[in-house]
Amino acid sequence: MTDTLPAFLSLRQRIAAACTQAGRATDSVTLLAVSKTRSADELARLIHAGQQHFGENYLQEALPKMDALKTHPLIWHFIGPIQSNKTRDIAARFDWVHSVDRLKIAQRLNDQRPAHLPPLNVCLQVKIDSEDSKQGVPLADVGALAATIQALPRLQLRGLMAIPSATSTDHNRAAFEKLAMTQQRLHSTMPRFDQLSMGMSDDFETAIDCGATIVRLGTALFGPRHYNQ
Ligand SMILES: *Cc1c(COP(=O)(O)O)cnc(C)c1O
């Protein structure tokens, strides 16, 4: 097992430096540790160093890790594709969902969010460039979907998420800027629509420059994944 601590500390510094460079407060960006394929032990080392936010893509993989780490006060983010038959567990176990891209899924998460928990934080996943396959709502439809989801009482709509196709830094910058403009426009009428989940290991500094508030880091933090997902 590689030691993730030096990578963690250096990434925190790079995030702070990117914030300063962009004229933003150094605490204005949340580091979301994308922990798919990583063991509970690997997560525990980061938890001891102060990491609280973890992102998982696969429910079956996430649940045992969540159980193993349940004595820690963690904030769990679901960031993967959502099948209808998984919404009940996602609504019950996660604090955030970044990958809502259709009303049917939002409705199910709303209906299944347990009454004793606060509303589930959700971001809409946007299909930001045409290369990006099936997932994500087209940019032109974001406003209408946001308005409908905003009315669901057991969800708290928080912002937008995207995964650009990563063809080049310039390409991703243009995608991040488009996403940021749309988020800002909606934020003007929805005060809590204040989050931009964008930027991964290879482009998070560009994303921060464009206004990202959550960067999702996997390989930069934990090293290469052992299987391809
Ligand atoms: C895997 C994944 C990440 C992390 O990607 P890295 O390039 O390893 O940093 C971020 N977001 C989503 C949605 C992912 O599936």
# chains A, B, ... in the order shown; residues from 1 in each chain; ligands from 1
>>> residues_around(residues="Ala106 of chain A", least_positions_apart="6", cutoff="9 Å", atoms="only C-alpha atoms", output="ChimeraX atom specification")
/A:87,100,122,149,152,155
>>> closest_residue(among="A:Ala140, A:Ala40, A:Leu32, A:Ala147", to="His53 of chain A", atoms="only C-alpha atoms")
A:Leu32
>>> residues_near_ligand(ligand="ligand 1", cutoff="12 Å", atoms="only C-alpha atoms and all ligand atoms", output="compact mmCIF listing (two decimals) with all heavy atoms, in the first residue's frame")
# COMPACT_ATOMS: atom_id res chain seq x y z
N LEU A 11 -1.45 17.92 -2.32
CA LEU A 11 -2.66 18.34 -3.04
C LEU A 11 -3.38 19.45 -2.30
O LEU A 11 -3.90 20.39 -2.92
CB LEU A 11 -3.60 17.13 -3.22
CG LEU A 11 -3.18 16.19 -4.34
CD1 LEU A 11 -3.98 14.90 -4.26
CD2 LEU A 11 -3.37 16.85 -5.71
N LEU A 31 -11.98 19.43 -1.04
CA LEU A 31 -11.31 18.29 -1.67
C LEU A 31 -12.18 17.06 -1.42
O LEU A 31 -12.34 16.62 -0.28
CB LEU A 31 -9.92 18.10 -1.04
CG LEU A 31 -8.90 17.18 -1.72
CD1 LEU A 31 -7.60 17.16 -0.93
CD2 LEU A 31 -9.37 15.77 -1.98
N LEU A 32 -12.74 16.52 -2.50
CA LEU A 32 -13.49 15.28 -2.40
C LEU A 32 -12.56 14.14 -2.80
O LEU A 32 -12.10 14.08 -3.95
CB LEU A 32 -14.72 15.34 -3.32
CG LEU A 32 -15.58 14.08 -3.40
CD1 LEU A 32 -16.08 13.66 -2.02
CD2 LEU A 32 -16.77 14.31 -4.33
N ALA A 33 -12.26 13.27 -1.85
CA ALA A 33 -11.38 12.12 -2.11
C ALA A 33 -12.20 11.03 -2.79
O ALA A 33 -13.12 10.48 -2.19
CB ALA A 33 -10.78 11.60 -0.81
N VAL A 34 -11.89 10.76 -4.06
CA VAL A 34 -12.65 9.74 -4.81
C VAL A 34 -12.03 8.37 -4.49
O VAL A 34 -10.93 8.06 -4.91
CB VAL A 34 -12.62 10.04 -6.32
CG1 VAL A 34 -13.30 8.91 -7.09
CG2 VAL A 34 -13.31 11.36 -6.60
N SER A 35 -12.79 7.61 -3.72
CA SER A 35 -12.21 6.42 -3.09
C SER A 35 -12.63 5.10 -3.74
O SER A 35 -12.43 4.03 -3.16
CB SER A 35 -12.54 6.43 -1.60
OG SER A 35 -13.89 6.74 -1.36
N LYS A 36 -13.20 5.16 -4.96
CA LYS A 36 -13.53 3.91 -5.65
C LYS A 36 -12.27 3.06 -5.79
O LYS A 36 -11.20 3.60 -6.07
CB LYS A 36 -14.14 4.19 -7.01
CG LYS A 36 -13.21 4.91 -7.97
CD LYS A 36 -13.93 5.30 -9.26
CE LYS A 36 -13.03 6.19 -10.09
NZ LYS A 36 -13.78 7.05 -11.00
N THR A 37 -12.40 1.78 -5.63
CA THR A 37 -11.34 0.76 -5.70
C THR A 37 -10.36 0.80 -4.52
O THR A 37 -9.47 -0.04 -4.43
CB THR A 37 -10.50 0.79 -7.02
OG1 THR A 37 -9.51 1.82 -6.94
CG2 THR A 37 -11.37 0.99 -8.25
N ARG A 38 -10.52 1.76 -3.60
CA ARG A 38 -9.58 1.85 -2.47
C ARG A 38 -10.19 1.18 -1.25
O ARG A 38 -11.40 1.25 -1.02
CB ARG A 38 -9.27 3.31 -2.14
CG ARG A 38 -9.05 4.19 -3.34
CD ARG A 38 -7.87 3.78 -4.18
NE ARG A 38 -7.78 4.63 -5.37
CZ ARG A 38 -6.77 4.62 -6.23
NH1 ARG A 38 -5.76 3.78 -6.07
NH2 ARG A 38 -6.77 5.42 -7.27
N PHE A 54 -15.68 11.90 1.13
CA PHE A 54 -15.30 10.78 0.25
C PHE A 54 -16.35 10.58 -0.82
O PHE A 54 -17.56 10.68 -0.55
CB PHE A 54 -15.10 9.50 1.07
CG PHE A 54 -13.88 9.56 1.94
CD1 PHE A 54 -13.95 10.02 3.25
CD2 PHE A 54 -12.63 9.20 1.43
CE1 PHE A 54 -12.81 10.12 4.05
CE2 PHE A 54 -11.48 9.30 2.22
CZ PHE A 54 -11.58 9.76 3.53
N GLY A 55 -15.89 10.25 -2.04
CA GLY A 55 -16.79 10.04 -3.17
C GLY A 55 -16.70 8.62 -3.67
O GLY A 55 -15.61 8.09 -3.88
N GLU A 56 -17.86 8.00 -3.87
CA GLU A 56 -17.91 6.61 -4.36
C GLU A 56 -18.80 6.54 -5.60
O GLU A 56 -19.81 7.24 -5.70
CB GLU A 56 -18.46 5.69 -3.26
CG GLU A 56 -17.50 5.47 -2.09
CD GLU A 56 -16.39 4.46 -2.40
OE1 GLU A 56 -16.54 3.66 -3.36
OE2 GLU A 56 -15.37 4.48 -1.68
N ASN A 57 -18.44 5.63 -6.51
CA ASN A 57 -19.19 5.46 -7.76
C ASN A 57 -20.12 4.25 -7.77
O ASN A 57 -21.02 4.19 -8.60
CB ASN A 57 -18.23 5.25 -8.94
CG ASN A 57 -17.36 6.43 -9.21
OD1 ASN A 57 -16.62 6.87 -8.32
ND2 ASN A 57 -17.44 6.98 -10.40
N TYR A 58 -19.82 3.27 -6.94
CA TYR A 58 -20.56 2.00 -7.01
C TYR A 58 -21.11 1.68 -5.63
O TYR A 58 -20.36 1.56 -4.66
CB TYR A 58 -19.64 0.86 -7.49
CG TYR A 58 -19.02 1.18 -8.81
CD1 TYR A 58 -17.75 1.73 -8.87
CD2 TYR A 58 -19.74 1.00 -9.99
CE1 TYR A 58 -17.18 2.08 -10.10
CE2 TYR A 58 -19.18 1.35 -11.22
CZ TYR A 58 -17.91 1.89 -11.26
OH TYR A 58 -17.37 2.25 -12.47
N HIS A 77 -20.29 11.15 -0.63
CA HIS A 77 -20.84 11.70 -1.87
C HIS A 77 -20.97 10.56 -2.88
O HIS A 77 -20.00 9.85 -3.15
CB HIS A 77 -19.88 12.74 -2.46
CG HIS A 77 -19.61 13.94 -1.59
ND1 HIS A 77 -19.94 15.22 -1.96
CD2 HIS A 77 -19.02 14.04 -0.36
CE1 HIS A 77 -19.55 16.07 -1.01
NE2 HIS A 77 -18.99 15.39 -0.03
N PHE A 78 -22.15 10.42 -3.46
CA PHE A 78 -22.32 9.45 -4.55
C PHE A 78 -22.08 10.17 -5.87
O PHE A 78 -22.76 11.15 -6.17
CB PHE A 78 -23.70 8.80 -4.52
CG PHE A 78 -23.77 7.59 -5.41
CD1 PHE A 78 -23.34 6.36 -4.96
CD2 PHE A 78 -24.21 7.71 -6.73
CE1 PHE A 78 -23.34 5.24 -5.80
CE2 PHE A 78 -24.22 6.60 -7.58
CZ PHE A 78 -23.78 5.37 -7.10
N ILE A 79 -21.13 9.66 -6.68
CA ILE A 79 -20.73 10.38 -7.90
C ILE A 79 -20.86 9.53 -9.16
O ILE A 79 -20.47 9.97 -10.24
CB ILE A 79 -19.29 10.93 -7.78
CG1 ILE A 79 -18.27 9.79 -7.62
CG2 ILE A 79 -19.17 11.92 -6.62
CD1 ILE A 79 -16.82 10.28 -7.68
N GLY A 80 -21.41 8.32 -9.05
CA GLY A 80 -21.49 7.42 -10.21
C GLY A 80 -22.87 7.42 -10.86
O GLY A 80 -23.80 8.03 -10.36
N PRO A 81 -22.97 6.69 -11.97
CA PRO A 81 -24.28 6.54 -12.62
C PRO A 81 -25.28 5.89 -11.65
O PRO A 81 -24.90 5.04 -10.85
CB PRO A 81 -24.00 5.60 -13.80
CG PRO A 81 -22.53 5.57 -13.97
CD PRO A 81 -21.91 5.94 -12.67
N ILE A 82 -26.55 6.31 -11.73
CA ILE A 82 -27.55 5.83 -10.77
C ILE A 82 -28.62 5.01 -11.47
O ILE A 82 -29.32 5.51 -12.35
CB ILE A 82 -28.24 7.02 -10.06
CG1 ILE A 82 -27.20 7.94 -9.44
CG2 ILE A 82 -29.21 6.51 -8.99
CD1 ILE A 82 -27.80 9.20 -8.86
N VAL A 97 -25.38 13.66 -3.59
CA VAL A 97 -25.38 12.92 -4.85
C VAL A 97 -25.04 13.93 -5.96
O VAL A 97 -25.72 14.95 -6.09
CB VAL A 97 -26.75 12.26 -5.14
CG1 VAL A 97 -26.71 11.54 -6.48
CG2 VAL A 97 -27.13 11.29 -4.02
N HIS A 98 -23.97 13.67 -6.70
CA HIS A 98 -23.52 14.62 -7.74
C HIS A 98 -24.06 14.27 -9.11
O HIS A 98 -23.86 15.04 -10.05
CB HIS A 98 -21.99 14.61 -7.85
CG HIS A 98 -21.26 15.13 -6.67
ND1 HIS A 98 -20.19 15.99 -6.76
CD2 HIS A 98 -21.44 14.92 -5.34
CE1 HIS A 98 -19.73 16.28 -5.55
NE2 HIS A 98 -20.47 15.64 -4.67
N SER A 99 -24.66 13.10 -9.26
CA SER A 99 -24.89 12.55 -10.59
C SER A 99 -26.37 12.42 -10.94
O SER A 99 -26.76 11.51 -11.64
CB SER A 99 -24.19 11.19 -10.68
OG SER A 99 -24.39 10.43 -9.48
N VAL A 100 -27.17 13.36 -10.47
CA VAL A 100 -28.60 13.35 -10.83
C VAL A 100 -28.73 14.00 -12.21
O VAL A 100 -28.29 15.11 -12.42
CB VAL A 100 -29.42 14.14 -9.79
CG1 VAL A 100 -30.85 14.33 -10.27
CG2 VAL A 100 -29.40 13.42 -8.44
N CYS A 123 -26.46 17.59 -6.80
CA CYS A 123 -26.00 18.39 -7.94
C CYS A 123 -26.52 17.73 -9.20
O CYS A 123 -26.67 16.51 -9.26
CB CYS A 123 -24.47 18.43 -7.99
SG CYS A 123 -23.71 19.29 -6.61
N GLN A 125 -25.86 16.54 -12.88
CA GLN A 125 -24.74 16.24 -13.77
C GLN A 125 -25.08 16.70 -15.18
O GLN A 125 -26.10 16.33 -15.74
CB GLN A 125 -24.42 14.75 -13.77
CG GLN A 125 -23.21 14.45 -14.67
CD GLN A 125 -22.69 13.04 -14.54
OE1 GLN A 125 -23.11 12.27 -13.67
NE2 GLN A 125 -21.77 12.67 -15.41
N VAL A 126 -24.21 17.54 -15.73
CA VAL A 126 -24.45 18.16 -17.03
C VAL A 126 -23.58 17.49 -18.09
O VAL A 126 -22.40 17.20 -17.86
CB VAL A 126 -24.12 19.67 -16.96
CG1 VAL A 126 -24.29 20.33 -18.31
CG2 VAL A 126 -25.00 20.35 -15.92
N GLN A 135 -24.40 9.96 -20.10
CA GLN A 135 -24.73 10.57 -18.82
C GLN A 135 -24.78 12.09 -18.87
O GLN A 135 -23.97 12.72 -19.53
CB GLN A 135 -23.68 10.19 -17.80
CG GLN A 135 -24.15 9.17 -16.80
CD GLN A 135 -23.04 8.95 -15.81
OE1 GLN A 135 -22.07 8.29 -16.10
NE2 GLN A 135 -23.21 9.54 -14.65
N GLY A 136 -25.70 12.66 -18.14
CA GLY A 136 -25.74 14.10 -17.99
C GLY A 136 -26.91 14.70 -18.72
O GLY A 136 -27.32 14.25 -19.78
N MET A 161 -22.54 19.55 -11.70
CA MET A 161 -21.35 18.70 -11.80
C MET A 161 -21.15 18.35 -13.27
O MET A 161 -22.13 18.24 -14.02
CB MET A 161 -21.57 17.42 -10.99
CG MET A 161 -20.41 16.44 -10.99
SD MET A 161 -20.39 15.26 -12.35
CE MET A 161 -20.29 13.73 -11.45
N ALA A 162 -19.89 18.22 -13.69
CA ALA A 162 -19.62 17.74 -15.05
C ALA A 162 -18.28 17.03 -15.09
O ALA A 162 -17.42 17.24 -14.25
CB ALA A 162 -19.64 18.88 -16.06
N ILE A 163 -18.16 16.17 -16.09
CA ILE A 163 -16.90 15.47 -16.39
C ILE A 163 -16.57 15.78 -17.85
O ILE A 163 -17.07 15.11 -18.74
CB ILE A 163 -17.07 13.93 -16.22
CG1 ILE A 163 -17.75 13.59 -14.90
CG2 ILE A 163 -15.72 13.23 -16.36
CD1 ILE A 163 -18.12 12.10 -14.77
N PRO A 164 -15.75 16.80 -18.09
CA PRO A 164 -15.41 17.09 -19.49
C PRO A 164 -14.62 15.94 -20.12
O PRO A 164 -14.04 15.13 -19.40
CB PRO A 164 -14.55 18.35 -19.42
CG PRO A 164 -14.69 18.87 -18.04
CD PRO A 164 -15.08 17.71 -17.17
N SER A 165 -14.58 15.91 -21.44
CA SER A 165 -13.98 14.76 -22.11
C SER A 165 -12.45 14.75 -22.04
O SER A 165 -11.81 13.80 -22.50
CB SER A 165 -14.42 14.73 -23.57
OG SER A 165 -14.12 15.98 -24.16
N ALA A 166 -11.84 15.80 -21.48
CA ALA A 166 -10.40 15.81 -21.23
C ALA A 166 -9.56 15.68 -22.48
O ALA A 166 -8.51 15.05 -22.48
CB ALA A 166 -10.02 14.71 -20.22
N SER A 197 -19.18 21.26 -8.89
CA SER A 197 -18.35 20.07 -8.72
C SER A 197 -17.67 19.79 -10.05
O SER A 197 -18.26 19.21 -10.97
CB SER A 197 -19.25 18.89 -8.29
OG SER A 197 -18.56 17.66 -8.37
N MET A 198 -16.44 20.26 -10.18
CA MET A 198 -15.71 20.06 -11.44
C MET A 198 -14.22 20.10 -11.18
O MET A 198 -13.75 20.79 -10.28
CB MET A 198 -16.14 21.10 -12.49
CG MET A 198 -15.89 22.55 -12.11
SD MET A 198 -16.57 23.68 -13.36
CE MET A 198 -15.73 25.21 -12.88
N GLY A 199 -13.47 19.32 -11.99
CA GLY A 199 -12.04 19.22 -11.83
C GLY A 199 -11.67 17.89 -11.21
O GLY A 199 -12.25 17.49 -10.19
N MET A 200 -10.74 17.18 -11.86
CA MET A 200 -10.26 15.88 -11.39
C MET A 200 -8.73 15.96 -11.32
O MET A 200 -8.17 17.04 -11.37
CB MET A 200 -10.77 14.78 -12.32
CG MET A 200 -12.27 14.86 -12.43
SD MET A 200 -13.22 13.70 -13.46
CE MET A 200 -12.18 12.39 -13.90
N SER A 201 -8.08 14.81 -11.18
CA SER A 201 -6.63 14.83 -10.94
C SER A 201 -5.84 15.65 -11.96
O SER A 201 -4.90 16.33 -11.60
CB SER A 201 -6.10 13.40 -10.92
OG SER A 201 -6.58 12.73 -9.77
N ASP A 202 -6.23 15.60 -13.23
CA ASP A 202 -5.41 16.23 -14.27
C ASP A 202 -5.77 17.68 -14.54
O ASP A 202 -5.07 18.35 -15.29
CB ASP A 202 -5.52 15.45 -15.59
CG ASP A 202 -4.85 14.10 -15.47
OD1 ASP A 202 -3.91 13.97 -14.66
OD2 ASP A 202 -5.27 13.17 -16.19
N ASP A 203 -6.89 18.15 -14.02
CA ASP A 203 -7.31 19.50 -14.42
C ASP A 203 -7.92 20.31 -13.27
O ASP A 203 -8.61 21.29 -13.51
CB ASP A 203 -8.30 19.41 -15.59
CG ASP A 203 -9.54 18.57 -15.26
OD1 ASP A 203 -9.74 18.24 -14.08
OD2 ASP A 203 -10.29 18.25 -16.20
N PHE A 204 -7.64 19.92 -12.02
CA PHE A 204 -8.36 20.60 -10.93
C PHE A 204 -7.92 22.05 -10.76
O PHE A 204 -8.72 22.89 -10.32
CB PHE A 204 -8.25 19.81 -9.61
CG PHE A 204 -6.89 19.78 -8.99
CD1 PHE A 204 -6.52 20.74 -8.06
CD2 PHE A 204 -5.98 18.78 -9.30
CE1 PHE A 204 -5.26 20.71 -7.46
CE2 PHE A 204 -4.73 18.73 -8.71
CZ PHE A 204 -4.36 19.71 -7.79
N ILE A 214 -15.93 22.19 -5.53
CA ILE A 214 -15.61 20.82 -5.12
C ILE A 214 -14.75 20.22 -6.22
O ILE A 214 -15.15 20.19 -7.39
CB ILE A 214 -16.89 19.95 -4.97
CG1 ILE A 214 -17.86 20.56 -3.95
CG2 ILE A 214 -16.51 18.52 -4.55
CD1 ILE A 214 -19.19 19.79 -3.82
N VAL A 215 -13.53 19.77 -5.87
CA VAL A 215 -12.72 19.04 -6.85
C VAL A 215 -12.69 17.58 -6.44
O VAL A 215 -12.59 17.25 -5.26
CB VAL A 215 -11.29 19.63 -6.99
CG1 VAL A 215 -11.35 21.02 -7.61
CG2 VAL A 215 -10.55 19.67 -5.66
N ARG A 216 -12.81 16.69 -7.43
CA ARG A 216 -12.94 15.25 -7.16
C ARG A 216 -11.64 14.56 -7.55
O ARG A 216 -11.34 14.41 -8.73
CB ARG A 216 -14.12 14.68 -7.97
CG ARG A 216 -15.44 15.44 -7.76
CD ARG A 216 -16.56 14.79 -8.58
NE ARG A 216 -16.20 14.59 -9.97
CZ ARG A 216 -16.42 15.47 -10.93
NH1 ARG A 216 -17.06 16.59 -10.70
NH2 ARG A 216 -16.02 15.21 -12.17
N LEU A 217 -10.85 14.17 -6.56
CA LEU A 217 -9.50 13.66 -6.84
C LEU A 217 -9.36 12.20 -6.45
O LEU A 217 -9.60 11.82 -5.31
CB LEU A 217 -8.47 14.50 -6.08
CG LEU A 217 -8.51 16.01 -6.35
CD1 LEU A 217 -7.42 16.73 -5.57
CD2 LEU A 217 -8.37 16.30 -7.84
N GLY A 218 -8.96 11.39 -7.43
CA GLY A 218 -8.73 9.97 -7.20
C GLY A 218 -7.26 9.63 -7.34
O GLY A 218 -6.52 9.53 -6.36
N THR A 219 -6.80 9.49 -8.59
CA THR A 219 -5.42 9.03 -8.82
C THR A 219 -4.36 9.97 -8.23
O THR A 219 -3.34 9.50 -7.76
CB THR A 219 -5.16 8.83 -10.33
OG1 THR A 219 -5.72 9.92 -11.04
CG2 THR A 219 -5.78 7.56 -10.82
N ALA A 220 -4.60 11.28 -8.26
CA ALA A 220 -3.60 12.20 -7.72
C ALA A 220 -3.40 11.97 -6.23
O ALA A 220 -2.36 12.28 -5.67
CB ALA A 220 -4.02 13.65 -7.98
N LEU A 221 -4.42 11.42 -5.60
CA LEU A 221 -4.38 11.22 -4.15
C LEU A 221 -3.89 9.82 -3.79
O LEU A 221 -3.04 9.64 -2.92
CB LEU A 221 -5.82 11.41 -3.65
CG LEU A 221 -6.13 11.60 -2.19
CD1 LEU A 221 -5.25 12.66 -1.58
CD2 LEU A 221 -7.59 12.01 -2.06
N PHE A 222 -4.43 8.81 -4.47
CA PHE A 222 -4.19 7.42 -4.08
C PHE A 222 -3.21 6.68 -5.00
O PHE A 222 -2.89 5.53 -4.74
CB PHE A 222 -5.49 6.63 -4.10
CG PHE A 222 -6.52 7.06 -3.08
CD1 PHE A 222 -7.61 7.83 -3.44
CD2 PHE A 222 -6.41 6.67 -1.74
CE1 PHE A 222 -8.58 8.20 -2.51
CE2 PHE A 222 -7.37 7.04 -0.80
CZ PHE A 222 -8.45 7.80 -1.19
N GLY A 223 -2.82 7.29 -6.13
CA GLY A 223 -2.02 6.57 -7.12
C GLY A 223 -2.93 5.90 -8.14
O GLY A 223 -4.16 6.00 -8.05
N PRO A 224 -2.33 5.21 -9.14
CA PRO A 224 -3.13 4.58 -10.20
C PRO A 224 -4.11 3.55 -9.64
O PRO A 224 -3.80 2.86 -8.67
CB PRO A 224 -2.09 3.89 -11.08
CG PRO A 224 -0.76 4.38 -10.64
CD PRO A 224 -0.90 4.96 -9.28
N ARG A 225 -5.28 3.46 -10.26
CA ARG A 225 -6.25 2.45 -9.84
C ARG A 225 -5.81 1.10 -10.36
O ARG A 225 -5.23 1.00 -11.43
CB ARG A 225 -7.65 2.79 -10.36
CG ARG A 225 -8.30 3.90 -9.58
CD ARG A 225 -9.73 4.15 -10.02
NE ARG A 225 -9.83 4.94 -11.23
CZ ARG A 225 -9.74 6.27 -11.28
NH1 ARG A 225 -9.52 6.96 -10.20
NH2 ARG A 225 -9.84 6.90 -12.43
N HIS A 226 -6.13 0.05 -9.61
CA HIS A 226 -5.65 -1.28 -9.98
C HIS A 226 -6.52 -1.95 -11.01
O HIS A 226 -6.09 -2.83 -11.71
CB HIS A 226 -5.50 -2.16 -8.75
CG HIS A 226 -4.54 -1.56 -7.77
ND1 HIS A 226 -3.25 -1.24 -8.12
CD2 HIS A 226 -4.68 -1.17 -6.49
CE1 HIS A 226 -2.63 -0.68 -7.09
NE2 HIS A 226 -3.48 -0.63 -6.08
N TYR A 227 -7.76 -1.55 -11.10
CA TYR A 227 -8.57 -2.03 -12.21
C TYR A 227 -9.29 -0.85 -12.82
O TYR A 227 -9.40 0.22 -12.24
CB TYR A 227 -9.51 -3.17 -11.82
CG TYR A 227 -10.43 -2.92 -10.66
CD1 TYR A 227 -11.74 -2.55 -10.88
CD2 TYR A 227 -9.98 -3.08 -9.35
CE1 TYR A 227 -12.59 -2.34 -9.81
CE2 TYR A 227 -10.83 -2.87 -8.28
CZ TYR A 227 -12.12 -2.50 -8.52
OH TYR A 227 -12.95 -2.30 -7.46
N ASN A 228 -9.73 -1.04 -14.04
CA ASN A 228 -10.13 0.05 -14.87
C ASN A 228 -11.58 0.43 -14.64
O ASN A 228 -12.47 -0.26 -15.07
CB ASN A 228 -9.91 -0.39 -16.32
CG ASN A 228 -10.00 0.78 -17.26
OD1 ASN A 228 -9.77 1.91 -16.84
ND2 ASN A 228 -10.37 0.52 -18.49
N GLN A 229 -11.83 1.52 -13.90
CA GLN A 229 -13.19 2.03 -13.84
C GLN A 229 -13.21 3.55 -13.83
O GLN A 229 -12.42 4.16 -13.25
CB GLN A 229 -13.97 1.59 -12.63
CG GLN A 229 -13.32 0.80 -11.57
CD GLN A 229 -14.39 0.02 -10.82
OE1 GLN A 229 -15.55 0.15 -11.09
NE2 GLN A 229 -14.01 -0.78 -9.89
>>> residues_around(residues="Ser84 of chain A", least_positions_apart="2", cutoff="12 Å", atoms="only C-alpha atoms", output="list in words")
Pro81, Ile82, Lys86, Thr87, Arg88, Asp89, Ile90, Ala91, Val100, Arg102, Leu103, Lys104, Ile105, Ala106, Gln107, Arg108, Leu109 and Gln112 of chain A
>>> write_last_selection(atoms="N, CA and C atoms", output="PDB file, in the first residue's frame")
ATOM      1  N   PRO A  81     -22.974   6.694 -11.971  1.00  0.00           N
ATOM      2  CA  PRO A  81     -24.280   6.540 -12.624  1.00  0.00           C
ATOM      3  C   PRO A  81     -25.277   5.895 -11.647  1.00  0.00           C
ATOM      4  N   ILE A  82     -26.549   6.309 -11.727  1.00  0.00           N
ATOM      5  CA  ILE A  82     -27.553   5.834 -10.774  1.00  0.00           C
ATOM      6  C   ILE A  82     -28.619   5.008 -11.475  1.00  0.00           C
ATOM      7  N   LYS A  86     -31.153   1.341  -7.194  1.00  0.00           N
ATOM      8  CA  LYS A  86     -30.153   1.678  -6.179  1.00  0.00           C
ATOM      9  C   LYS A  86     -30.532   2.919  -5.381  1.00  0.00           C
ATOM     10  N   THR A  87     -31.602   3.593  -5.774  1.00  0.00           N
ATOM     11  CA  THR A  87     -31.877   4.899  -5.152  1.00  0.00           C
ATOM     12  C   THR A  87     -32.202   4.796  -3.669  1.00  0.00           C
ATOM     13  N   ARG A  88     -32.841   3.693  -3.244  1.00  0.00           N
ATOM     14  CA  ARG A  88     -33.229   3.597  -1.838  1.00  0.00           C
ATOM     15  C   ARG A  88     -32.001   3.643  -0.920  1.00  0.00           C
ATOM     16  N   ASP A  89     -31.003   2.839  -1.243  1.00  0.00           N
ATOM     17  CA  ASP A  89     -29.784   2.827  -0.420  1.00  0.00           C
ATOM     18  C   ASP A  89     -28.999   4.133  -0.552  1.00  0.00           C
ATOM     19  N   ILE A  90     -28.977   4.670  -1.751  1.00  0.00           N
ATOM     20  CA  ILE A  90     -28.252   5.944  -1.929  1.00  0.00           C
ATOM     21  C   ILE A  90     -28.917   7.033  -1.082  1.00  0.00           C
ATOM     22  N   ALA A  91     -30.244   7.084  -1.115  1.00  0.00           N
ATOM     23  CA  ALA A  91     -30.970   8.104  -0.346  1.00  0.00           C
ATOM     24  C   ALA A  91     -30.773   7.937   1.157  1.00  0.00           C
ATOM     25  N   VAL A 100     -27.175  13.364 -10.467  1.00  0.00           N
ATOM     26  CA  VAL A 100     -28.595  13.354 -10.829  1.00  0.00           C
ATOM     27  C   VAL A 100     -28.734  13.997 -12.207  1.00  0.00           C
ATOM     28  N   ARG A 102     -31.770  13.127 -14.275  1.00  0.00           N
ATOM     29  CA  ARG A 102     -33.142  13.051 -14.776  1.00  0.00           C
ATOM     30  C   ARG A 102     -34.129  13.073 -13.617  1.00  0.00           C
ATOM     31  N   LEU A 103     -35.332  13.520 -13.955  1.00  0.00           N
ATOM     32  CA  LEU A 103     -36.337  13.748 -12.923  1.00  0.00           C
ATOM     33  C   LEU A 103     -36.723  12.465 -12.203  1.00  0.00           C
ATOM     34  N   LYS A 104     -36.823  11.375 -12.945  1.00  0.00           N
ATOM     35  CA  LYS A 104     -37.262  10.117 -12.326  1.00  0.00           C
ATOM     36  C   LYS A 104     -36.365   9.731 -11.148  1.00  0.00           C
ATOM     37  N   ILE A 105     -35.060   9.895 -11.324  1.00  0.00           N
ATOM     38  CA  ILE A 105     -34.124   9.547 -10.256  1.00  0.00           C
ATOM     39  C   ILE A 105     -34.260  10.536  -9.100  1.00  0.00           C
ATOM     40  N   ALA A 106     -34.401  11.809  -9.408  1.00  0.00           N
ATOM     41  CA  ALA A 106     -34.564  12.818  -8.357  1.00  0.00           C
ATOM     42  C   ALA A 106     -35.819  12.537  -7.538  1.00  0.00           C
ATOM     43  N   GLN A 107     -36.891  12.194  -8.233  1.00  0.00           N
ATOM     44  CA  GLN A 107     -38.161  11.907  -7.563  1.00  0.00           C
ATOM     45  C   GLN A 107     -38.011  10.718  -6.611  1.00  0.00           C
ATOM     46  N   ARG A 108     -37.335   9.679  -7.064  1.00  0.00           N
ATOM     47  CA  ARG A 108     -37.144   8.494  -6.212  1.00  0.00           C
ATOM     48  C   ARG A 108     -36.276   8.821  -4.998  1.00  0.00           C
ATOM     49  N   LEU A 109     -35.197   9.567  -5.218  1.00  0.00           N
ATOM     50  CA  LEU A 109     -34.335   9.942  -4.087  1.00  0.00           C
ATOM     51  C   LEU A 109     -35.129  10.775  -3.079  1.00  0.00           C
ATOM     52  N   GLN A 112     -37.540   8.533  -1.156  1.00  0.00           N
ATOM     53  CA  GLN A 112     -36.898   7.506  -0.337  1.00  0.00           C
ATOM     54  C   GLN A 112     -35.940   8.080   0.706  1.00  0.00           C
TER      55      GLN A 112
END
>>> select_by_dssp(residues="segment 23-216 of chain A", states="alpha helix (DSSP H)", output="NGL selection string")
:A and (40-48 or 59-68 or 87-93 or 103-112 or 142-150 or 169-187 or 204-209)
>>> select_by_dssp(residues="segment 77-138 of chain A", states="strand (DSSP E)", output="list in words")
His77, Phe78, Trp96, Val97, His98, Ser99, Val100, Leu120, Asn121, Val122, Cys123, Leu124, Gln125, Val126, Lys127, Val137 and Pro138 of chain A
>>> atom_distance(atom1="atom CA of Gln156 of chain A", atom2="atom CA of Ala22 of chain A")
28.1 Å
>>> closest_residue(among="A:Thr4, A:Ile128, A:Ala146, A:Lys134", to="His171 of chain A", atoms="only C-alpha atoms")
A:Ile128
>>> atom_distance(atom1="atom CA of Met66 of chain A", atom2="atom CA of Arg93 of chain A")
8.4 Å
>>> atom_distance(atom1="atom CA of Cys210 of chain A", atom2="atom CA of Leu43 of chain A")
28.8 Å
>>> closest_residue(among="A:Arg192, A:His48, A:Arg185, A:Arg12", to="Pro73 of chain A", atoms="only C-alpha atoms")
A:His48
